[in-house]
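Enquirer: Okay, handing you the structure first.
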Amino acid sequence: MKVINASLETIAAKETQYPKDNLFEIAFAGRSNVGKSSLINTLVNRINLARTSGRPGKTQTLNFYNINEEFRFVDLPGYGYAKVSKNEKQKWGRMIEEYLHNRHNLIEVIMVLDIRHEPGEHDALMYQWIKEFGFNGIVVATKADKISRGQWQKHKSIIQKKLRIESINDIIPFSAEKKYNVDNVWSAIEEVIKINKEQQTL
């Protein structure tokens with residue numbers, strides 16, 4: 001995918017603030033500080049399009065990024081961060097749930113995990129939701145440069161077992177720093193867009 005234009009189009013906290021057109025949207029879901037913003041920046045080859053932070057819980061809104069005026073990436077608030085208040089967690093949860101349940105533009109939710117760590121309860125619940133709503137269950141396992149390539153398969157197997165993923169090929173090791181597997185992530189995204197375009201014309 002050649003990205004010519006990529007811009008932050010809308011920041012939303014509720015449904016009335018979402019963009020009003022019918023562009024396809026691909027959302028990125030994952031725990032706080034797992035690397036969703038860095039993944040988006042790497043895919044579109046920009047340094048600071050999606051704001052990154054060493055402080056977990058930085059993304060507190062739904063951030064809609066317009067890609068080539070053709071589709072959007074949507075960065076969801078991270079979940080599972082222990083140091084925010086219970087009220088704040090509930091607010092983020094409602095925000096994510098409202099978007100995932102109600103947004104007709106949404107064609108895929110990509111699960112973003114840190115390859116080094118076994119998925120937790122929140123991750124398992126999110127992946128279960130993704131599959132139940134008919135999405136493919138693509139998993140991008142970030143920070144793959146932090147372990148040796150020889151360890152990738154072992155860590156993929158742990159993720160597969162914990163989340164009950166049918167095919168280990170749905171797990172893509174990725175590194176924003178080393179640019180590992182950028183093309184593979186784009187191939188998965190392009191395939192989803194292609195299929196949905198074909199279904200739209202039926």
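Ordering of the structure tokens sets the chain letters (A, B, ...), residue numbers begin anew at 1 in every chain, and ligands are numbered from 1 in the order given.
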Can you tell me which residues surround A:Val139 at a distance of at most 7 Å, considering only C-alpha atoms, apart from same-chain residues fewer than 2 positions away, and format the answer as a list in words?

Expert: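 Near A:Val139, the qualifying residues are Ile110, Met111, Val112, Gly137, Ala141, Asp170, Ile171 and Ile172 of chain A.
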
Enquirer: Generate a file of the selected residues that holds C-alpha atoms, formatted as a PDB file, in the first residue's frame.

Expert:
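As written to disk, again_35.pdb reads:
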```pdb
ATOM      1  CA  ILE A 110      -6.973  -5.836  14.577  1.00  0.00           C
ATOM      2  CA  MET A 111      -5.831  -7.117  17.955  1.00  0.00           C
ATOM      3  CA  VAL A 112      -2.507  -5.613  19.036  1.00  0.00           C
ATOM      4  CA  GLY A 137      -9.109 -12.158  14.216  1.00  0.00           C
ATOM      5  CA  ALA A 141       2.309  -9.008  17.968  1.00  0.00           C
ATOM      6  CA  ASP A 170      -3.232 -15.004  11.895  1.00  0.00           C
ATOM      7  CA  ILE A 171      -0.519 -13.832  14.319  1.00  0.00           C
ATOM      8  CA  ILE A 172       1.968 -11.424  12.710  1.00  0.00           C
TER       9      ILE A 172
END
```

Enquirer: Skip A:Lys14 itself and residues of its chain fewer than 6 positions away, then list as an NGL selection string all residues within 8 Å of it, counting only C-alpha atoms.

Expert: :A and (95 or 98-99)

Enquirer: Residues near A:Ser175, anyone? I mean within 6 Å using only C-alpha atoms, not counting same-chain ones fewer than 6 positions away, as an NGL selection string.

Expert: :A and (142-145)

Enquirer: Just the helix (DSSP H, G or I) stuff from chain A, please, per backbone DSSP, written as a count of residues only.

Expert: 81

Enquirer: Leaving out A:Trp152 and any residue of its chain fewer than 4 positions from it, which residues lie within 8 Å of it when counting only C-alpha atoms, given as a PyMOL selection string?

Expert: chain A and resi 115+144+147-148+156+173

Enquirer: Rank nothing, just name the residue among A:Val140, A:Ala6, A:Ala12, A:Ile47 nearest to A:Phe174, using only C-alpha atoms.

Expert: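 Of the candidates, the smallest distance to A:Phe174 is held by A:Val140.
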
Enquirer: Provide the atom CA of A:Leu39 to atom CA of A:Glu9 distance in Å, to one decimal place.

Expert: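 Here the two named atoms are 17.7 Å from each other.
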
Enquirer: Can you work out which one of A:Phe24, A:Trp129, A:Trp186, A:Tyr18 has the shortest atom-to-atom distance to A:Ile40, counting only C-alpha atoms?

Expert: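 Smallest separation from A:Ile40 among the options: A:Trp186.
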